[in-house]
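Student: Quick one: the structure is below, and I'll ask about it shortly.
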Amino acid sequence: MNLDELLNPRQKEAATYLDSHLRIIAGAGSGKTRVLTYRIAYLIEEVGIEPRHILAITFTNKAANEMKERVIGLLGDYAGGSLLCTIHSLCVRILRQNIRALNYPNNFIIMDEEDQKSLLKKIFKERQIDSKTISLKSCIHYISAYKIAGVSPERAMSFAGDYIGEQKKAIAYDDYEKYKEEHFMLDFDDLLLKTVELFENFPEILERWQRRFQYIHVDEFQDVSEVDYKLIKYLSGQAVLCVVGDPDQTIYSFRGSDIHFIMNFDKDFPDTKTVILDQNYRSTKTILDISNNLIRKNKNRMEKELFTELDDGPKVLHYSGVDEEAEANFVCDTIEEIIHKEEGVNYHDFAILYRANYLSRSFEQKLIQRQIDYRIFGGLKFFNRKEIKDALSYIRLMVNQDDLSFERIVNVPSRGVGAKTLERIQNVAIEYGISNYEALTTFSDEIGLSGKAKKQLIEFVKCIENAKASSLSLPDVFEKLLGDVGYFEMLRNDQDDNRIQNLMELKASIANYMNTHPDTPTFESYLQDIALYTSQDDVFDDEYVSLMSIHMAKGLEFNYVFVVGLSQDVFPSFRSVSESGDDGMEEERRLAYVAFTRAKKRLYLTDSQGFNFITNSPKMASQFIDEIGSDKVEHAGNPSKFKPKEYLHLGPTVEEMIGDNEVDEWKQGDFVEHEAFGKGVIVKVNGNTLDIAFSVPYGIKTLMAHHKALKKLSN
């Protein structure tokens with residue numbers, strides 16, 4: 001490899017520096033994936049490191065596969081021995097080999113969010129918890145926050161005090177954890193936490209994995225959480241650690257990302273070298289200039305200025321519509337005009353990005369009216385559709401005989417199994433300490449089945465057992481099983497061709513998995529693979545306009561980008577800024593920076609007039625429109641009467657609103673009282689903000705630690 005021809009000087013420095021730990025600050029579009037790929041290739045080809053001693057942790061499976069393909073493309077199949085994966089995939093690999101030390105079988109079941117909801121529905125029903133009072137989603141968030149913070153169900157109950165709502169959530173948390181342990185199931189948080197537990201309690205296991213890796217790379221390091229960071233520190237024991245990220249693109253603090261890990265990396269690893277990649281290969285100079293103007297307003301950042309050798313390009317266009325319909329019409333008009341004028345351009349070149357998913361409504365309606373093909377990303381994912389979850393439950397029942405899968409599909413299609421029949425099956429299973437499926441196959445007489453249910457359940461078991469014993473290929477076993485149990489017939493009777501097509505797409509997914517895993521493809525390994533699937537792994541092809549939240553757009557690029565809904569208190573978000581103050585505003589600004597730098601050729605910023613029901617005030621353009629400067633921005637439409645700065649100063653200053661509660665130190669477990677939310681308990685301290693659990697309907701809130709509305713109570 002002639003890296004002088006393949007990389008710019010800073011990229012080459014980052015790819016070849018091996019003397020100590022390395023922090024690569026990689027600006028948007030600066031070629032970080034290229035650098036990581038060539039660094040891994042350099043380690044193998046030039047330095048002679050055996051591939052199996054190289055680890056690269058990426059943010060998505062798609063990024064890991066792309067990097068692996070590039071490395072193999074450079075060096076051949078031999079380079080495929082390096083481990084390039086997500087952190088959850090890495091943890092699964094570690095746990096499959098070592099989790100017996102924690103008294104778990106190595107064929108544990110991985111739960112996704114739908115599995116979590118199914119389990120909580122079951123618990124809510126048993127405990128008579130009203131899901132309208134405590135939503136399943138909020139309960140999942142509650143459990144996750146407490147687990148990551150190290151708060152046990154027992155401690156959660158003590159925190160609940162006299163609050164009935166908090167007591168119910170603590171009870172659900174306890175039942176949830178016990179069920180998972182009894183059935184050897186792990187959710188995504190468990191994958192990380194159990195790996196940490198292994199490393200903390202079994203130094204010989206940790207040492208074995210530390211010896212495995214000599215060079216460790218972590219992509220998107222600005223997005224790591226505390227538990228991610230702990231795992232990475234454990235693994236890096238004797239290895240050279242290379243982290244890659246951009247503090248200006250830290251936008252996931254709501255799910256635990258902490259900008260301080262990348263900012264303070266050189267303090268935890270004092271011999272660190274820092275290389276800044278600031279040449280952008282994606283966007284025009286105009287787009288970069290306005291993006292730099294915006295992010296420069298943030299104080300908590302590492303100083304860098306993106307530059308490009310590309311042309312200036314046209315000015316950024318800011319359009320302000322008289323209402324939401326005018327804003328949506330402008331976007332559609334512009335798309336059709338560009339497609340009509342520019343040769344070789346199609347809908348795939350366009351993206352409409354927004355701060356919150358509800359903002360897509362007016363644009364969807366207008367795209368439908370104008371017969372413009374579009375697709376929304378971040379909506380209902382393929383693997384979360386009912387027919388797909390049903391089909392996967394059949395496969396999982398065949399492989400694991402787990403109760404959640406059994407309860408989901410034992411009466412789909414209908415087999416005359418009502419609540420009472422299911423309860424009898426469950427009671428026998430509990431009596432003998434076995435699964436529901438085992439109870440049905442072994443003790444059917446004790447269950448007392450009769451009539452239609454008995455006949456159909458015998459046939460149901462026969463179909464499952466035949467599939468288990470089949471010598472057909474995985475895709476054919478899948479199709480035959482769904483045919484035998486009557487699932488396809490049910491859909492044909494409902495004339496639901498779309499769902500049948502989705503199941504054929506799932507069959508294609510299984511076939512593709514067989515082709516890409518020729519050694520030992522099994523249903524068990526396939527289920528593991530798709531359980532780790534994320535929305536960022538969606539494939540973007542075909543000709544349609546892409547609609548998505550800015551969080552979904554991170555890591556992507558489009559020739560033409562519309563950032564819509566740029567109204568003050570919508571973007572930046574009123575809620576984020578009111579809850580987290582300056583930190584919240586800086587994250588909103590980083591989010592806008594990410595949105596703007598998705599554009600390659602042309603960037604459009606839009607807002608609309610009308611009334612903002614969030615703040616009960618007239619809508620006006622976001623302050624970000626002012627902050628990007630005026631030299632390279634063209635304004636069109638109907639600008640608002642007030643500039644954001646004037647509007648922001650109509651009331652008290654931020655400092656006057658926030659005040660100071662004069663509490664110098666907060667810690668996890670402190671009891672607090674808030675003027676609006678009442679009494680609560682701190683579950684996590686995040687520097688200047690606190691995660692606090694309040695009673696229903698408020699749940700967990702992230703609040704400014706020094707806000708005047710917050711008061712510390714004696715424990």
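The way I read the labels, and the way they are meant: chains A, B, ... in the order of the structure tokens, residue 1 as the first residue of every chain, and ligand 1 as the first ligand shown, with later ones counted on from there.
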Counting only C-alpha atoms, which residues of region 165-281 of chain A fall within 8 Å of region 86-96 of chain A, and what is the closest atom pair for each with its distance in Å at one decimal, ordered by chain and rising number, as a Markdown table?
Tutor:
| residue | atom | partner | partner_atom | distance |
| --- | --- | --- | --- | --- |
| A:Phe188 | CA | A:His88 | CA | 7.3 |
| A:Leu191 | CA | A:Cys91 | CA | 5.8 |
| A:Leu192 | CA | A:Cys91 | CA | 6.3 |
| A:Lys194 | CA | A:Leu95 | CA | 7.8 |
| A:Thr195 | CA | A:Cys91 | CA | 6.1 |
| A:Asp228 | CA | A:Ile87 | CA | 7.7 |
Student: So how far away is CA of Ala156 (chain A) from CA of Lys180 (chain A), in Å?
Tutor: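 Separating CA of Lys180 (chain A) from CA of Ala156 (chain A) is a distance of 17.8 Å.
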Student: What parts of region 152-401 of chain A does DSSP call alpha helix (DSSP H)? I'd like the answer as a ChimeraX atom specification.
Tutor: /A:153-160,164-182,188-201,203-212,226-235,260-263,265-268,285-295,324-341,361-369,386-400
Student: Residues at most 9 Å from Tyr544 (chain A), counting only C-alpha atoms, excluding those fewer than 4 positions away in the same chain, as a ChimeraX atom specification?
Tutor: /A:346-350,372-375
Student: Quick one: write out the picked residues with N, CA and C atoms as an mmCIF file, in the first residue's frame?
Tutor:
data_model
loop_
_atom_site.group_PDB
_atom_site.id
_atom_site.type_symbol
_atom_site.label_atom_id
_atom_site.label_comp_id
_atom_site.auth_asym_id
_atom_site.auth_seq_id
_atom_site.Cartn_x
_atom_site.Cartn_y
_atom_site.Cartn_z
ATOM 1 N N ASN A 346 -32.315 11.563 -8.835
ATOM 2 C CA ASN A 346 -33.593 10.922 -8.540
ATOM 3 C C ASN A 346 -33.939 11.128 -7.067
ATOM 4 N N TYR A 347 -35.089 10.617 -6.654
ATOM 5 C CA TYR A 347 -35.575 10.853 -5.294
ATOM 6 C C TYR A 347 -34.597 10.370 -4.222
ATOM 7 N N HIS A 348 -33.802 9.375 -4.565
ATOM 8 C CA HIS A 348 -32.843 8.820 -3.603
ATOM 9 C C HIS A 348 -31.814 9.861 -3.141
ATOM 10 N N ASP A 349 -31.660 10.941 -3.912
ATOM 11 C CA ASP A 349 -30.672 11.979 -3.586
ATOM 12 C C ASP A 349 -31.170 12.954 -2.526
ATOM 13 N N PHE A 350 -32.428 12.819 -2.095
ATOM 14 C CA PHE A 350 -33.027 13.815 -1.207
ATOM 15 C C PHE A 350 -33.336 13.228 0.172
ATOM 16 N N ILE A 372 -45.085 11.748 -4.880
ATOM 17 C CA ILE A 372 -43.631 11.617 -4.759
ATOM 18 C C ILE A 372 -43.343 10.447 -3.829
ATOM 19 N N ASP A 373 -42.620 9.455 -4.327
ATOM 20 C CA ASP A 373 -42.307 8.281 -3.507
ATOM 21 C C ASP A 373 -41.421 8.678 -2.332
ATOM 22 N N TYR A 374 -41.730 8.146 -1.149
ATOM 23 C CA TYR A 374 -40.926 8.462 0.028
ATOM 24 C C TYR A 374 -40.917 7.268 0.966
ATOM 25 N N ARG A 375 -39.987 7.289 1.897
ATOM 26 C CA ARG A 375 -39.943 6.261 2.941
ATOM 27 C C ARG A 375 -39.540 6.920 4.246
#
Student: With only C-alpha atoms as the counted atoms, please give the residues lying no more than 8 Å from Leu449 (chain A), apart from itself and same-chain residues fewer than 5 positions off, as a VMD selection string.
Tutor: chain A and resid 421 444 454
Student: Give me, as CSV, the closest atom pair and its distance (Å, one decimal) for every residue of region 147-217 of chain A within a cut-off of 12 Å of region 403-420 of chain A, counting only C-alpha atoms, rows sorted by chain and rising number.
Tutor:
residue,atom,partner,partner_atom,distance
A:Tyr179,CA,A:Asp403,CA,10.2
A:Lys180,CA,A:Leu404,CA,10.6
A:Glu182,CA,A:Asp403,CA,11.0
A:His183,CA,A:Asp403,CA,8.2
A:Phe184,CA,A:Asp403,CA,11.2
A:Met185,CA,A:Leu404,CA,10.4
